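Asker: File follows, protein-v1.pdb with PDB, C-alpha atoms:
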ATOM      1  CA  GLU A  30     177.075 108.108 -37.388
ATOM      2  CA  LYS A  31     177.223 105.018 -39.564
ATOM      3  CA  MET A  32     174.304 102.788 -40.497
ATOM      4  CA  LEU A  33     173.932  99.569 -42.464
ATOM      5  CA  ILE A  34     170.690  97.963 -43.653
ATOM      6  CA  ALA A  35     170.690  94.705 -45.619
ATOM      7  CA  GLY A  36     168.053  92.263 -46.805
ATOM      8  CA  ARG A  37     168.073  88.788 -48.315
ATOM      9  CA  ILE A  38     165.486  86.282 -49.568
ATOM     10  CA  ASP A  39     166.055  82.673 -50.628
ATOM     11  CA  HIS A  40     164.169  80.267 -52.852
ATOM     12  CA  SER A  41     162.063  78.906 -49.946
ATOM     13  CA  GLY A  42     160.628  82.362 -49.223
ATOM     14  CA  ARG A  43     162.695  83.005 -46.098
ATOM     15  CA  LEU A  44     163.350  86.736 -45.695
ATOM     16  CA  THR A  45     166.255  87.954 -43.562
ATOM     17  CA  GLY A  46     166.967  91.556 -42.618
ATOM     18  CA  ARG A  47     170.012  92.992 -40.853
ATOM     19  CA  TYR A  48     170.426  96.381 -39.174
ATOM     20  CA  GLN A  49     173.575  97.926 -37.694
ATOM     21  CA  HIS A  50     174.102 101.399 -36.260
ATOM     22  CA  GLN A  51     177.281 102.897 -34.809
ATOM     23  CA  LEU A  52     175.878 105.207 -32.126
ATOM     24  CA  THR A  53     179.280 106.424 -30.883
ATOM     25  CA  PRO A  54     182.886 105.404 -31.615
ATOM     26  CA  SER A  55     182.601 102.862 -28.791
ATOM     27  CA  VAL A  56     178.906 101.844 -28.774
ATOM     28  CA  SER A  57     176.992 100.055 -31.533
ATOM     29  CA  VAL A  58     173.679  98.238 -31.848
ATOM     30  CA  ARG A  59     172.816  95.364 -34.182
ATOM     31  CA  GLY A  60     169.681  93.500 -35.075
ATOM     32  CA  ILE A  61     168.827  90.478 -37.227
ATOM     33  CA  ALA A  62     165.271  89.402 -38.023
ATOM     34  CA  SER A  63     164.032  86.600 -40.254
ATOM     35  CA  THR A  64     160.626  85.347 -41.275
ATOM     36  CA  SER A  65     159.482  82.431 -43.415
ATOM     37  CA  PRO A  66     156.245  80.749 -44.556
ATOM     38  CA  GLU A  67     156.644  78.491 -41.500
ATOM     39  CA  ARG A  68     156.066  80.997 -38.705
ATOM     40  CA  SER A  69     157.637  78.668 -36.148
ATOM     41  CA  GLN A  70     161.030  79.475 -37.687
ATOM     42  CA  ASP A  71     160.765  83.265 -37.271
ATOM     43  CA  ASN A  72     163.721  84.700 -35.363
ATOM     44  CA  LEU A  73     164.822  87.984 -33.819
ATOM     45  CA  GLN A  74     168.199  88.854 -32.336
ATOM     46  CA  MET A  75     169.339  92.155 -30.809
ATOM     47  CA  ASP A  76     172.885  93.076 -29.733
ATOM     48  CA  VAL A  77     174.551  95.969 -27.942
ATOM     49  CA  ASP A  78     178.359  96.173 -28.157
ATOM     50  CA  VAL A  79     180.671  98.402 -26.128
ATOM     51  CA  LYS A  80     184.372  98.700 -27.018
ATOM     52  CA  GLY A  81     186.957 100.081 -24.610
ATOM     53  CA  ALA A  82     190.634 100.841 -25.025
ATOM     54  CA  SER A  83     191.588  97.267 -24.083
ATOM     55  CA  SER A  84     188.253  95.507 -23.579
ATOM     56  CA  TYR A  85     185.008  94.510 -25.274
ATOM     57  CA  SER A  86     181.591  93.873 -23.721
ATOM     58  CA  GLY A  87     178.354  92.728 -25.291
ATOM     59  CA  LEU A  88     174.730  92.005 -24.444
ATOM     60  CA  ARG A  89     172.400  89.887 -26.603
ATOM     61  CA  TYR A  90     168.748  88.883 -26.573
ATOM     62  CA  ALA A  91     167.398  86.257 -28.966
ATOM     63  CA  THR A  92     164.051  84.674 -29.777
ATOM     64  CA  GLY A  93     163.127  81.964 -27.302
ATOM     65  CA  GLY A  94     164.125  83.941 -24.237
ATOM     66  CA  VAL A  95     167.898  83.591 -24.492
ATOM     67  CA  THR A  96     169.942  86.365 -22.865
ATOM     68  CA  MET A  97     173.738  86.484 -23.118
ATOM     69  CA  ALA A  98     176.411  88.759 -21.653
ATOM     70  CA  ASN A  99     180.089  88.580 -22.496
ATOM     71  CA  HIS A 100     183.321  90.419 -21.748
ATOM     72  CA  MET A 101     186.788  90.196 -23.349
ATOM     73  CA  GLN A 102     189.878  91.780 -21.819
ATOM     74  CA  SER A 103     193.289  92.212 -23.462
ATOM     75  CA  ILE A 104     196.219  91.041 -21.356
ATOM     76  CA  THR A 105     198.942  91.818 -23.896
ATOM     77  CA  PRO A 106     198.813  93.245 -27.451
ATOM     78  CA  TYR A 107     198.424  89.653 -28.720
ATOM     79  CA  LEU A 108     196.624  87.809 -25.895
ATOM     80  CA  ALA A 109     193.088  88.280 -24.542
ATOM     81  CA  VAL A 110     190.850  86.305 -22.179
ATOM     82  CA  GLY A 111     187.125  86.499 -21.614
ATOM     83  CA  SER A 112     183.933  84.916 -20.321
ATOM     84  CA  GLU A 113     180.316  84.560 -21.394
ATOM     85  CA  LEU A 114     177.212  84.026 -19.292
ATOM     86  CA  PHE A 115     173.890  82.960 -20.798
ATOM     87  CA  TYR A 116     170.422  82.297 -19.418
ATOM     88  CA  HIS A 117     167.525  80.533 -21.137
ATOM     89  CA  HIS A 118     164.283  81.892 -19.674
ATOM     90  CA  GLY A 119     162.078  79.122 -21.053
ATOM     91  CA  ARG A 120     164.192  76.165 -19.924
ATOM     92  CA  MET A 121     165.590  77.865 -16.803
ATOM     93  CA  ILE A 122     169.155  76.978 -17.835
ATOM     94  CA  THR A 123     172.274  78.974 -16.958
ATOM     95  CA  GLY A 124     175.676  78.384 -18.487
ATOM     96  CA  LEU A 125     179.171  79.843 -18.379
ATOM     97  CA  HIS A 126     181.921  79.847 -21.007
ATOM     98  CA  GLY A 127     185.577  80.801 -20.818
ATOM     99  CA  ALA A 128     187.628  81.882 -23.829
ATOM    100  CA  VAL A 129     191.158  82.787 -24.851
ATOM    101  CA  LYS A 130     192.353  84.537 -28.020
ATOM    102  CA  TYR A 131     195.837  84.888 -29.428
ATOM    103  CA  GLY A 132     196.166  87.074 -32.494
ATOM    104  CA  THR A 133     198.749  88.728 -34.701
ATOM    105  CA  PRO A 134     198.171  90.723 -37.909
ATOM    106  CA  GLU A 135     198.488  87.477 -39.917
ATOM    107  CA  ARG A 136     197.135  84.777 -37.571
ATOM    108  CA  VAL A 137     194.346  84.416 -35.009
ATOM    109  CA  PHE A 138     193.730  81.436 -32.721
ATOM    110  CA  THR A 139     190.778  81.119 -30.337
ATOM    111  CA  ALA A 140     189.620  78.489 -27.836
ATOM    112  CA  LYS A 141     186.324  78.360 -25.954
ATOM    113  CA  ALA A 142     185.123  75.888 -23.306
ATOM    114  CA  GLY A 143     181.757  75.672 -21.554
ATOM    115  CA  THR A 144     180.190  74.215 -18.427
ATOM    116  CA  PHE A 145     178.264  71.578 -20.425
ATOM    117  CA  GLY A 146     181.371  69.938 -21.873
ATOM    118  CA  SER A 147     181.637  71.986 -25.048
ATOM    119  CA  LEU A 148     184.911  72.896 -26.739
ATOM    120  CA  GLU A 149     185.406  75.143 -29.775
ATOM    121  CA  LEU A 150     188.709  75.836 -31.556
ATOM    122  CA  THR A 151     189.299  78.215 -34.472
ATOM    123  CA  TYR A 152     192.327  79.267 -36.487
ATOM    124  CA  ALA A 153     192.498  81.933 -39.210
ATOM    125  CA  HIS A 154     195.478  82.804 -41.378
ATOM    126  CA  LYS A 155     195.849  85.786 -43.697
ATOM    127  CA  VAL A 156     197.997  84.514 -46.559
ATOM    128  CA  ASN A 157     198.145  87.907 -48.270
ATOM    129  CA  ASP A 158     195.891  90.895 -48.973
ATOM    130  CA  LYS A 159     193.751  88.800 -51.353
ATOM    131  CA  VAL A 160     193.603  85.373 -49.698
ATOM    132  CA  SER A 161     192.551  84.321 -46.163
ATOM    133  CA  LEU A 162     192.019  80.782 -44.853
ATOM    134  CA  ALA A 163     190.332  79.499 -41.694
ATOM    135  CA  THR A 164     189.367  76.290 -39.920
ATOM    136  CA  GLU A 165     187.052  75.460 -37.018
ATOM    137  CA  ALA A 166     186.469  72.406 -34.808
ATOM    138  CA  GLN A 167     183.598  71.925 -32.357
ATOM    139  CA  TYR A 168     182.985  69.234 -29.753
ATOM    140  CA  TYR A 169     179.902  68.863 -27.548
ATOM    141  CA  HIS A 170     180.230  66.070 -24.969
ATOM    142  CA  GLY A 171     177.734  63.288 -25.611
ATOM    143  CA  GLN A 172     176.108  65.145 -28.511
ATOM    144  CA  MET A 173     178.136  65.920 -31.627
ATOM    145  CA  SER A 174     181.404  67.075 -33.121
ATOM    146  CA  SER A 175     182.100  68.981 -36.345
ATOM    147  CA  PHE A 176     184.940  70.350 -38.425
ATOM    148  CA  GLY A 177     185.096  72.888 -41.222
ATOM    149  CA  VAL A 178     187.480  74.774 -43.491
ATOM    150  CA  ALA A 179     186.823  78.097 -45.231
ATOM    151  CA  GLY A 180     188.501  80.579 -47.516
ATOM    152  CA  GLN A 181     188.037  84.166 -48.628
ATOM    153  CA  PHE A 182     189.363  85.588 -51.888
ATOM    154  CA  ASN A 183     189.286  89.333 -52.515
ATOM    155  CA  LEU A 184     189.088  90.291 -56.193
ATOM    156  CA  ARG A 185     189.154  93.776 -57.662
ATOM    157  CA  GLN A 186     185.374  94.268 -57.701
ATOM    158  CA  ALA A 187     184.140  91.238 -55.755
ATOM    159  CA  THR A 188     184.716  88.980 -52.753
ATOM    160  CA  TYR A 189     184.327  85.201 -52.899
ATOM    161  CA  LYS A 190     183.850  83.040 -49.780
ATOM    162  CA  GLY A 191     183.729  79.246 -49.624
ATOM    163  CA  LEU A 192     183.030  76.730 -46.838
ATOM    164  CA  ILE A 193     183.240  72.932 -46.524
ATOM    165  CA  THR A 194     182.151  71.152 -43.331
ATOM    166  CA  SER A 195     182.431  67.616 -41.987
ATOM    167  CA  ASP A 196     178.691  66.979 -42.441
ATOM    168  CA  CYS A 197     179.132  67.253 -46.247
ATOM    169  CA  THR A 198     177.883  70.831 -46.516
ATOM    170  CA  ILE A 199     179.383  73.019 -49.230
ATOM    171  CA  ALA A 200     178.552  76.741 -49.243
ATOM    172  CA  ALA A 201     179.721  79.668 -51.351
ATOM    173  CA  THR A 202     179.027  83.400 -51.467
ATOM    174  CA  LEU A 203     179.921  85.955 -54.110
ATOM    175  CA  GLU A 204     179.604  89.650 -53.214
ATOM    176  CA  GLU A 205     180.076  92.127 -56.055
ATOM    177  CA  LYS A 206     180.661  95.837 -55.511
ATOM    178  CA  VAL A 207     178.040  97.411 -57.764
ATOM    179  CA  VAL A 208     178.736 100.891 -56.406
ATOM    180  CA  PRO A 209     181.848 100.711 -54.148
ATOM    181  CA  GLY A 210     181.035 101.852 -50.623
ATOM    182  CA  ILE A 211     177.328 102.213 -51.347
ATOM    183  CA  ALA A 212     175.755  99.099 -52.898
ATOM    184  CA  ASN A 213     176.821  95.443 -53.077
ATOM    185  CA  PHE A 214     175.019  92.581 -54.831
ATOM    186  CA  ILE A 215     175.236  89.135 -53.195
ATOM    187  CA  LEU A 216     174.745  85.631 -54.592
ATOM    188  CA  SER A 217     174.943  82.588 -52.301
ATOM    189  CA  GLY A 218     174.369  78.863 -52.461
ATOM    190  CA  GLN A 219     174.538  75.884 -50.140
ATOM    191  CA  ILE A 220     174.248  72.155 -50.836
ATOM    192  CA  ASN A 221     174.284  68.999 -48.745
ATOM    193  CA  HIS A 222     173.759  65.851 -50.830
ATOM    194  CA  LYS A 223     173.648  63.657 -47.736
ATOM    195  CA  LYS A 224     170.711  65.570 -46.254
ATOM    196  CA  LYS A 225     169.267  66.443 -49.684
ATOM    197  CA  ASP A 226     169.324  70.097 -48.680
ATOM    198  CA  TYR A 227     169.807  72.689 -51.440
ATOM    199  CA  LYS A 228     169.584  76.457 -50.970
ATOM    200  CA  PHE A 229     170.133  79.493 -53.146
ATOM    201  CA  GLY A 230     169.775  83.179 -52.303
ATOM    202  CA  PHE A 231     170.535  86.671 -53.446
ATOM    203  CA  GLY A 232     170.648  90.035 -51.705
ATOM    204  CA  LEU A 233     171.451  93.709 -51.980
ATOM    205  CA  THR A 234     173.449  95.519 -49.316
ATOM    206  CA  LEU A 235     173.093  99.288 -48.935
ATOM    207  CA  GLY A 236     175.423 101.121 -46.586
ATOM    208  CA  GLY A 237     176.721 104.603 -46.066
TER     209      GLY A 237
END
Starting from the file, give its structure as structure tokens.

Answerer:
Amino acid sequence: EKMLIAGRIDHSGRLTGRYQHQLTPSVSVRGIASTSPERSQDNLQMDVDVKGASSYSGLRYATGGVTMANHMQSITPYLAVGSELFYHHGRMITGLHGAVKYGTPERVFTAKAGTFGSLELTYAHKVNDKVSLATEAQYYHGQMSSFGVAGQFNLRQATYKGLITSDCTIAATLEEKVVPGIANFILSGQINHKKKDYKFGFGLTLGG
């Protein structure tokens, strides 16, 4: 059995906790909870994941009465297709998404389209063992569109991640291996000059 428990608090007093437990080689459960001085922003999310030899299924429940079920099936070693069904209990809304994924050891491309005119595209490329790059584009008909680029750099004792999005958000995370395999210390920051939004946080991850 494998278990992971992590916690994080930022300068605004928002506390986030994460729990993950591998019940069997094919079944795992995950949970994320957050609380802040503004109780209206408290959130809870629970997931159950089941992995098969050539498939993946998941069930999720989130604060606000949102229930989601998804399934992904491999067609070839590189190509997989899937679907996702969600239901919002409060608004009585049901939606369906279709997805396709094409991946090799160095590159992964995904596309996802929904019944409400949404389209999401992602591409990730592993340059080498130390550097990985990724990009994402999102379009929601009649609402918004966004674009972002990210990178991950693996150092000897730390991992650095950076993100830049089309809405002028810049985010960075540095995770240092204090005790490799047991304890990691995390520093993170996010700024958006346009929205005058500035965040900073730190955390400690314990896993075994």

Asker: Could you give me, as a ChimeraX atom specification, the residues that sit within 12 Å of (188.4, 81.2, -32.4) in the file's coordinates, counting only C-alpha atoms?

Answerer: /A:109-110,127-132,136-142,148-154,163-167

Asker: Do a neighbour search on A:Arg59 at 8 Å with all atoms listed in the file, toss out local chain neighbours closer than 5 positions, and write the hits as a PDB file with C-alpha atoms, in the frame of the given file.

Answerer:
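Listed below is the output, out.pdb:
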ATOM      1  CA  ARG A  47     170.012  92.992 -40.853  1.00  0.00           C
ATOM      2  CA  TYR A  48     170.426  96.381 -39.174  1.00  0.00           C
ATOM      3  CA  GLN A  49     173.575  97.926 -37.694  1.00  0.00           C
ATOM      4  CA  HIS A  50     174.102 101.399 -36.260  1.00  0.00           C
ATOM      5  CA  MET A  75     169.339  92.155 -30.809  1.00  0.00           C
ATOM      6  CA  ASP A  76     172.885  93.076 -29.733  1.00  0.00           C
ATOM      7  CA  VAL A  77     174.551  95.969 -27.942  1.00  0.00           C
TER       8      VAL A  77
END

Asker: Which distance in Å separates atom CA of A:Gln102 and atom CA of A:Val156, to one decimal?

Answerer: 27.0 Å

Asker: Nearest to A:Tyr107 among A:Gly87, A:Gly94, A:Gly42, A:Pro134, with distances taken over only C-alpha atoms: which residue is it?

Answerer: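 Of A:Gly87, A:Gly94, A:Gly42, A:Pro134, the one nearest A:Tyr107 is A:Pro134, counting only C-alpha atoms.
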
Asker: Between A:Gln74, A:Ala179, A:Tyr169, A:Ile211, which has the minimum distance to A:Gly191 (counting all atoms listed in the file)?

Answerer: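 The shortest atom-to-atom distance to A:Gly191 comes from A:Ala179.
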
Asker: With the PyMOL selection byres ((chain A and resi 39) around 8) as the selection, what would be picked from this file? Answer as a compact mmCIF listing (two decimals) with C-alpha atoms, in the coordinates of the input, please.

Answerer:
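Result file follows (result21.txt):
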# COMPACT_ATOMS: atom_id res chain seq x y z
CA ARG A 37 168.07 88.79 -48.32
CA ILE A 38 165.49 86.28 -49.57
CA HIS A 40 164.17 80.27 -52.85
CA SER A 41 162.06 78.91 -49.95
CA GLY A 42 160.63 82.36 -49.22
CA ARG A 43 162.70 83.00 -46.10
CA LEU A 44 163.35 86.74 -45.70
CA LYS A 228 169.58 76.46 -50.97
CA PHE A 229 170.13 79.49 -53.15
CA GLY A 230 169.78 83.18 -52.30
CA PHE A 231 170.54 86.67 -53.45

Asker: When the PyMOL selection byres ((chain A and resi 217) around 9) is applied to the structure above, which residues does it catch, written out as a list in words?

Answerer: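 Given this file, the PyMOL selection byres ((chain A and resi 217) around 9) evaluates to Ala200, Ala201, Thr202, Leu203, Glu204, Ile215, Leu216, Gly218, Gln219, Lys228, Phe229, Gly230, Phe231 and Gly232 of chain A.
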
Asker: Taking into account all atoms listed in the file, which residue in the set A:Gly210, A:Pro106, A:Pro54, A:Gly60 is nearest to A:Thr234?

Answerer: A:Gly210

Asker: Mind giving me the axis-aligned box for stretch 198-209 of chain A with 8 Å on every side, centre plus edges in Å to one decimal, as AutoDock Vina command-line options?

Answerer:
--center_x 179.9 --center_y 85.9 --center_z -52.1 --size_x 20.0 --size_y 46.1 --size_z 27.2

Asker: Work out how far apart atom CA of A:Asp158 and atom CA of A:Thr133 are and give it in Å to one decimal.

Answerer: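 Atom-to-atom, atom CA of A:Asp158 to atom CA of A:Thr133, that is 14.7 Å.
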
Asker: Using all atoms listed in the file, which of the listed residues (A:Thr105, A:Ser65, A:Ser147, A:Gln51) sits closest to A:Val79?

Answerer: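 Checking each of A:Thr105, A:Ser65, A:Ser147, A:Gln51 against A:Val79, counting all atoms listed in the file, the winner is A:Gln51.
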
Asker: Which residue gives the smallest distance to A:Ala212 among A:Thr198, A:Gln186, A:Thr53, A:Ser175, with all atoms listed in the file counted?

Answerer: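 Ranking A:Thr198, A:Gln186, A:Thr53, A:Ser175 by distance to A:Ala212, first place goes to A:Gln186.
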
Asker: Add whatever atoms are absent from stretch 46-63 of chain A to reach N, CA and C atoms, and provide the output as an mmCIF file, in the frame of the given file.

Answerer:
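Result went into part_28.cif, see below:
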data_model
loop_
_atom_site.group_PDB
_atom_site.id
_atom_site.type_symbol
_atom_site.label_atom_id
_atom_site.label_comp_id
_atom_site.auth_asym_id
_atom_site.auth_seq_id
_atom_site.Cartn_x
_atom_site.Cartn_y
_atom_site.Cartn_z
ATOM 1 N N GLY A 46 166.564 90.158 -42.627
ATOM 2 C CA GLY A 46 166.967 91.556 -42.618
ATOM 3 C C GLY A 46 167.992 91.809 -41.524
ATOM 4 N N ARG A 47 168.945 92.686 -41.811
ATOM 5 C CA ARG A 47 170.012 92.992 -40.853
ATOM 6 C C ARG A 47 170.153 94.507 -40.711
ATOM 7 N N TYR A 48 170.312 94.958 -39.471
ATOM 8 C CA TYR A 48 170.426 96.381 -39.174
ATOM 9 C C TYR A 48 171.613 96.602 -38.241
ATOM 10 N N GLN A 49 172.433 97.600 -38.538
ATOM 11 C CA GLN A 49 173.575 97.926 -37.694
ATOM 12 C C GLN A 49 173.756 99.436 -37.641
ATOM 13 N N HIS A 50 173.973 99.951 -36.436
ATOM 14 C CA HIS A 50 174.102 101.399 -36.260
ATOM 15 C C HIS A 50 175.217 101.689 -35.261
ATOM 16 N N GLN A 51 176.178 102.476 -35.677
ATOM 17 C CA GLN A 51 177.281 102.897 -34.809
ATOM 18 C C GLN A 51 176.861 104.178 -34.101
ATOM 19 N N LEU A 52 176.392 104.053 -32.852
ATOM 20 C CA LEU A 52 175.878 105.207 -32.126
ATOM 21 C C LEU A 52 176.996 106.170 -31.753
ATOM 22 N N THR A 53 178.097 105.639 -31.235
ATOM 23 C CA THR A 53 179.280 106.424 -30.883
ATOM 24 C C THR A 53 180.502 105.621 -31.319
ATOM 25 N N PRO A 54 181.705 106.191 -31.252
ATOM 26 C CA PRO A 54 182.886 105.404 -31.615
ATOM 27 C C PRO A 54 183.057 104.123 -30.804
ATOM 28 N N SER A 55 182.428 104.039 -29.638
ATOM 29 C CA SER A 55 182.601 102.862 -28.791
ATOM 30 C C SER A 55 181.327 102.044 -28.582
ATOM 31 N N VAL A 56 180.182 102.544 -29.008
ATOM 32 C CA VAL A 56 178.906 101.844 -28.774
ATOM 33 C C VAL A 56 178.187 101.623 -30.102
ATOM 34 N N SER A 57 177.750 100.382 -30.324
ATOM 35 C CA SER A 57 176.992 100.055 -31.533
ATOM 36 C C SER A 57 175.853 99.115 -31.187
ATOM 37 N N VAL A 58 174.815 99.142 -32.015
ATOM 38 C CA VAL A 58 173.679 98.238 -31.848
ATOM 39 C C VAL A 58 173.484 97.476 -33.154
ATOM 40 N N ARG A 59 173.041 96.211 -33.028
ATOM 41 C CA ARG A 59 172.816 95.364 -34.182
ATOM 42 C C ARG A 59 171.529 94.589 -34.011
ATOM 43 N N GLY A 60 170.894 94.280 -35.117
ATOM 44 C CA GLY A 60 169.681 93.500 -35.075
ATOM 45 C C GLY A 60 169.543 92.632 -36.311
ATOM 46 N N ILE A 61 169.076 91.404 -36.127
ATOM 47 C CA ILE A 61 168.827 90.478 -37.227
ATOM 48 C C ILE A 61 167.435 89.887 -37.038
ATOM 49 N N ALA A 62 166.614 89.956 -38.077
ATOM 50 C CA ALA A 62 165.271 89.402 -38.023
ATOM 51 C C ALA A 62 165.031 88.570 -39.275
ATOM 52 N N SER A 63 164.344 87.454 -39.113
ATOM 53 C CA SER A 63 164.032 86.600 -40.254
ATOM 54 C C SER A 63 162.624 86.052 -40.109
#
